[in-house]
Amino acid sequence: MEILYNSTAVLFAIILSRFLYKFLDWVWVKPRRIERLFRQQGFSGNSYKPLIGDLVEIARSTFQANRCGPLENLSNDIAPRILPFLHNAIRVYGKKSFLWFGTAPSVIITEPGLIKEMLANYTTFHKPNRSAMLEVARGLFACEADRWQMNKRIINPAFHIEKLKVMVPAFYKTSREMVDKWDNIVKPEGSEVNVGPYLSILTSDAIARTAFGSNFEEGRNIFHNLDKLTMLINELGPFAFIPQYWALPTKMKMKIQKKAREVRGLVQEVVVKRMEEVRAGKATASTADLLGILLESNLEEIRNNGNMNKGLSMDEVIEECKLFYFGGQETTTNLIGWTLIYMGKHLEWQQRLRDEIMQAFGPVAAIQSCDFHKLSHLKIMNMILNEILRLYPLAPVLSRETREDTKLGNIKLPAGVHVVVPLISLHRDKDLWGGDALEFKPERFKDGISKASNTPGAYFPFGGGPRICIGQNYALVEAKVALIAILQRFSVQLSPSYKHYPEWVLTLQPRSIAVNLILRKL
């Protein structure tokens, strides 16, 4: 009995000592070793604090930034407001700096060449496996390695340029429905309208039509619930992007996950119904909605390989549908909103854009798929949208993580390091963009993106490398069609009541999607 007792005590002591060793390594030894490595390579930052790292400073700077009032004179100096902790790190320690999200080390990278290298090596630099985005939709966004290659191959046909061409009339129909509503509420002398909610409905209905086609009303219901899910995550503020938060069993986390399950059930009903139609040959890719194209492509992948595992599972199809929504609604709403705000402030650019639209399409002439090629030749439109995306990229930060020891350029990065690219700082860097980097100047893109900056390759509004946003053309085409429909019928002027208060929730957007404009009929 005594021998058994002694053996149990020894075993317990071994287990306890191993636990303590791992805990000590996690909370102190490994972070300190990584910090020394960073400093040896010329990086600077706050000394590591056990467990909390820079979380207190991050929380404090975020709280202080949120308490600030609106920015004056439509200021584009938004980095201190949107990314106060990253902005402060760069201001104090320079462009080669690091910070600590608890025990997780992060290095800030702002050199375009290194950013391009990181984005190109997607099998080495992975998407973070915990973030707020993953609670909304995973899909292609969260896939890794070989699975990502297969999924992209299946999904690509849905975003082929020929498919987008067929979707243009749906975009224009939805846009016309919106401007018809405005026509009924705008007085002859002009009226102030918060167009933000209208833009949300516009992009939501557009993605419901183009993603679900005949299941339009069901799509609307799905997206309404996804809106609620997004709003819940928005309440978390920047803490939604701190990996440690998602390890905590908080009440809000449970609420978010419950709503996510509800959304999944709604999507599944539509997907199951459509899958049965596809298998029965009742629906084909010619229906031209994203879900139909996706299911046809998936079925073809399975048939070609003779293996069910070589296609998307039910869960993956559901996640792609949710990602259709997020990519096609949230991001496009903000792109159109920011563009209208700046057209309402810079009236000379608005008139130049309207003149270009009238020359290409005429006054209030319906856009058909055959007009698709004209969209890419709207030079003024392209210049303006590129400048808006420079100043207000849809995601203000790019982030990747290492899962094994690796190198980025000459920088040694241990496993478990987050590489952070603050896009709104990069896109305002005067070394890269000149002394007028904070100014709205679409003419910087007159010779294209490659010649817009002093250093080529300093522009990443949709990410970059093989994993560049697959829906970027969809978002740009929809935004162009919406702006055409609006500027054919109305002039817009920024209202004195507009408060310039950019905020980062899941995307970079005007606070409460408040886009207050004075609309006048043409």
# chains A, B, ... in the order shown; residues from 1 in each chain; ligands from 1
>>> residues_around(residues="region 507-516 of chain A", least_positions_apart="2", cutoff="6 Å", atoms="only C-alpha atoms", output="list in words")
Val193, Asn194, Val195, Gly196, Asn334, Leu394, Ala395, Ser495, Tyr498, Tyr501, Pro502, Glu503, Trp504 and Val505 of chain A
>>> residues_around(residues="Tyr122 (chain A)", least_positions_apart="2", cutoff="9 Å", atoms="only C-alpha atoms", output="VMD selection string")
chain A and resid 118 to 120 124 to 127 144 to 145 400 465 to 467
>>> write_last_selection(atoms="C-alpha atoms", output="PDB file, in the first residue's frame")
ATOM      1  CA  MET A 118       4.569  37.373 -46.733  1.00  0.00           C
ATOM      2  CA  LEU A 119       1.359  37.401 -48.784  1.00  0.00           C
ATOM      3  CA  ALA A 120       2.949  35.282 -51.518  1.00  0.00           C
ATOM      4  CA  THR A 124       4.121  29.627 -44.356  1.00  0.00           C
ATOM      5  CA  PHE A 125       2.236  32.715 -43.190  1.00  0.00           C
ATOM      6  CA  HIS A 126      -1.243  31.590 -42.187  1.00  0.00           C
ATOM      7  CA  LYS A 127      -4.488  33.415 -41.529  1.00  0.00           C
ATOM      8  CA  GLU A 144      -5.341  26.408 -45.481  1.00  0.00           C
ATOM      9  CA  ALA A 145      -2.823  24.691 -47.773  1.00  0.00           C
ATOM     10  CA  ARG A 400      -0.714  36.505 -40.567  1.00  0.00           C
ATOM     11  CA  GLY A 465      -0.595  37.282 -53.327  1.00  0.00           C
ATOM     12  CA  PRO A 466      -2.471  34.089 -54.234  1.00  0.00           C
ATOM     13  CA  ARG A 467      -4.976  34.756 -51.431  1.00  0.00           C
TER      14      ARG A 467
END
>>> closest_residue(among="A:Gly53, A:Gly102, A:Gly311, A:Pro112", to="Asp429 (chain A)", atoms="only C-alpha atoms")
A:Pro112
>>> closest_residue(among="A:Asp180, A:Met275, A:Val420, A:Lys30", to="Leu83 (chain A)", atoms="only C-alpha atoms")
A:Val420
>>> select_by_dssp(residues="region 25-125 of chain A", states="alpha helix (DSSP H)", output="PyMOL selection string")
chain A and resi 30-40+55-67+79-82+84-93+112-120
>>> closest_residue(among="A:Pro31, A:Leu199, A:Gly328, A:Ile341", to="Lys499 (chain A)", atoms="only C-alpha atoms")
A:Ile341
>>> residues_around(residues="Met252 (chain A)", least_positions_apart="2", cutoff="9 Å", atoms="only C-alpha atoms", output="list in words")
Leu232, Ile233, Leu236, Pro249, Thr250, Met254, Lys255, Ile256 and Gln257 of chain A
>>> write_last_selection(atoms="C-alpha atoms", output="short mmCIF file (atom, residue, chain, number, x, y, z; two decimals), in the first residue's frame")
data_model
loop_
_atom_site.label_atom_id
_atom_site.label_comp_id
_atom_site.auth_asym_id
_atom_site.auth_seq_id
_atom_site.Cartn_x
_atom_site.Cartn_y
_atom_site.Cartn_z
CA LEU A 232 -23.24 41.56 -31.85
CA ILE A 233 -19.59 41.27 -32.84
CA LEU A 236 -16.93 43.89 -28.80
CA PRO A 249 -16.47 31.59 -21.83
CA THR A 250 -18.07 35.05 -21.81
CA MET A 254 -22.15 32.43 -26.07
CA LYS A 255 -24.72 34.86 -27.52
CA ILE A 256 -22.67 35.30 -30.68
CA GLN A 257 -22.24 31.55 -31.13
#
>>> residues_around(residues="Ala79 (chain A)", least_positions_apart="2", cutoff="12 Å", atoms="only C-alpha atoms", output="tab-separated table (two decimals) with N, CA and C atoms, in the first residue's frame")
chain	number	residue	atom	x	y	z
A	62	THR	N	-7.35	52.35	-26.76
A	62	THR	CA	-8.61	52.17	-27.50
A	62	THR	C	-9.73	52.94	-26.83
A	65	ALA	N	-9.29	56.63	-27.50
A	65	ALA	CA	-9.61	56.97	-28.88
A	65	ALA	C	-11.12	57.00	-29.10
A	71	LEU	N	-13.71	63.73	-36.15
A	71	LEU	CA	-12.57	64.40	-36.76
A	71	LEU	C	-13.05	65.63	-37.53
A	75	SER	N	-10.95	65.03	-41.92
A	75	SER	CA	-9.54	64.66	-41.81
A	75	SER	C	-9.31	63.19	-42.15
A	76	ASN	N	-8.25	62.96	-42.90
A	76	ASN	CA	-7.88	61.58	-43.24
A	76	ASN	C	-6.83	61.00	-42.29
A	77	ASP	N	-6.48	61.76	-41.27
A	77	ASP	CA	-5.49	61.30	-40.30
A	77	ASP	C	-6.19	60.42	-39.27
A	81	ARG	N	-6.94	57.11	-34.44
A	81	ARG	CA	-8.29	56.78	-33.99
A	81	ARG	C	-8.61	55.30	-34.18
A	82	ILE	N	-8.24	54.75	-35.31
A	82	ILE	CA	-8.62	53.38	-35.65
A	82	ILE	C	-7.67	52.35	-35.06
A	83	LEU	N	-6.36	52.62	-35.13
A	83	LEU	CA	-5.35	51.68	-34.63
A	83	LEU	C	-4.45	52.39	-33.63
A	84	PRO	N	-5.00	52.87	-32.52
A	84	PRO	CA	-4.17	53.69	-31.61
A	84	PRO	C	-2.96	52.95	-31.07
A	85	PHE	N	-3.10	51.67	-30.77
A	85	PHE	CA	-1.99	50.91	-30.18
A	85	PHE	C	-0.89	50.65	-31.20
A	86	LEU	N	-1.27	50.36	-32.45
A	86	LEU	CA	-0.26	50.19	-33.49
A	86	LEU	C	0.36	51.53	-33.87
A	87	HIS	N	-0.46	52.56	-33.95
A	87	HIS	CA	0.04	53.89	-34.28
A	87	HIS	C	1.04	54.36	-33.23
A	88	ASN	N	0.71	54.15	-31.95
A	88	ASN	CA	1.62	54.57	-30.88
A	88	ASN	C	2.93	53.79	-30.92
A	89	ALA	N	2.84	52.50	-31.22
A	89	ALA	CA	4.06	51.68	-31.29
A	89	ALA	C	4.99	52.20	-32.38
A	90	ILE	N	4.43	52.53	-33.55
A	90	ILE	CA	5.25	53.05	-34.65
A	90	ILE	C	5.79	54.43	-34.30
A	91	ARG	N	4.95	55.26	-33.67
A	91	ARG	CA	5.38	56.62	-33.32
A	91	ARG	C	6.52	56.60	-32.31
A	391	LEU	N	-7.29	55.37	-48.76
A	391	LEU	CA	-7.54	56.07	-47.50
A	391	LEU	C	-8.40	55.25	-46.54
A	392	TYR	N	-9.33	54.48	-47.09
A	392	TYR	CA	-10.26	53.71	-46.26
A	392	TYR	C	-10.33	52.27	-46.73
A	393	PRO	N	-9.22	51.54	-46.61
A	393	PRO	CA	-9.24	50.13	-47.01
A	393	PRO	C	-10.29	49.39	-46.19
A	396	PRO	N	-8.57	47.55	-42.13
A	396	PRO	CA	-7.44	48.44	-41.86
A	396	PRO	C	-6.15	47.72	-41.49
A	397	VAL	N	-6.22	46.40	-41.26
A	397	VAL	CA	-5.04	45.63	-40.86
A	397	VAL	C	-5.00	44.31	-41.62
A	422	PRO	N	-0.32	47.35	-40.64
A	422	PRO	CA	-1.35	48.37	-40.46
A	422	PRO	C	-1.58	49.13	-41.76
A	423	LEU	N	-2.56	48.69	-42.54
A	423	LEU	CA	-2.75	49.23	-43.88
A	423	LEU	C	-3.02	50.73	-43.88
A	424	ILE	N	-3.81	51.20	-42.91
A	424	ILE	CA	-4.13	52.63	-42.95
A	424	ILE	C	-2.90	53.49	-42.64
A	425	SER	N	-1.91	52.92	-41.95
A	425	SER	CA	-0.65	53.63	-41.76
A	425	SER	C	0.23	53.50	-43.01
A	426	LEU	N	0.28	52.30	-43.57
A	426	LEU	CA	1.07	52.07	-44.78
A	426	LEU	C	0.58	52.96	-45.92
A	427	HIS	N	-0.74	53.04	-46.09
A	427	HIS	CA	-1.31	53.82	-47.19
A	427	HIS	C	-1.23	55.33	-46.97
A	428	ARG	N	-0.75	55.73	-45.79
A	428	ARG	CA	-0.56	57.16	-45.49
A	428	ARG	C	0.90	57.50	-45.24
A	429	ASP	N	1.76	56.57	-45.48
A	429	ASP	CA	3.18	56.76	-45.23
A	429	ASP	C	3.74	57.77	-46.24
A	438	LEU	N	-1.85	62.36	-46.82
A	438	LEU	CA	-3.09	62.46	-46.05
A	438	LEU	C	-4.21	63.12	-46.84
A	502	PRO	N	-14.87	57.73	-38.46
A	502	PRO	CA	-14.58	56.37	-38.91
A	502	PRO	C	-14.37	55.44	-37.72
A	503	GLU	N	-14.83	54.22	-37.84
A	503	GLU	CA	-14.60	53.24	-36.79
A	503	GLU	C	-14.35	51.88	-37.41
A	504	TRP	N	-13.59	51.08	-36.69
A	504	TRP	CA	-13.25	49.73	-37.14
A	504	TRP	C	-14.05	48.75	-36.32
A	508	LEU	N	-13.84	48.86	-41.94
A	508	LEU	CA	-13.67	50.28	-41.66
A	508	LEU	C	-14.88	51.02	-42.21
>>> select_by_dssp(residues="region 254-449 of chain A", states="strand (DSSP E or B)", output="count of residues only")
17
>>> residues_around(residues="Tyr198 (chain A)", least_positions_apart="6", cutoff="12 Å", atoms="only C-alpha atoms", output="list of chain:residue names")
A:Thr174, A:Ser175, A:Arg176, A:Glu177, A:Met178, A:Val179, A:Asp180, A:Lys181, A:Trp182, A:Ser204, A:Asp205, A:Thr333, A:Asn334, A:Ile336, A:Gly337, A:Ala482, A:Ile486, A:Ile513, A:Ala514, A:Val515, A:Asn516
>>> residues_around(residues="region 441-444 of chain A", least_positions_apart="6", cutoff="7 Å", atoms="only C-alpha atoms", output="list in words")
Met383, Ile384, Glu387 and Ala452 of chain A
>>> residues_around(residues="Glu35 (chain A)", least_positions_apart="5", cutoff="9 Å", atoms="only C-alpha atoms", output="MDAnalysis selection string")
chainID A and resid 30 40 43 45 47:48 98 105
>>> closest_residue(among="A:Asn386, A:Thr332, A:Asn184, A:Thr123", to="Val481 (chain A)", atoms="only C-alpha atoms")
A:Thr332
>>> closest_residue(among="A:Leu385, A:Gly409, A:Phe361, A:His160", to="Gly448 (chain A)", atoms="only C-alpha atoms")
A:Leu385
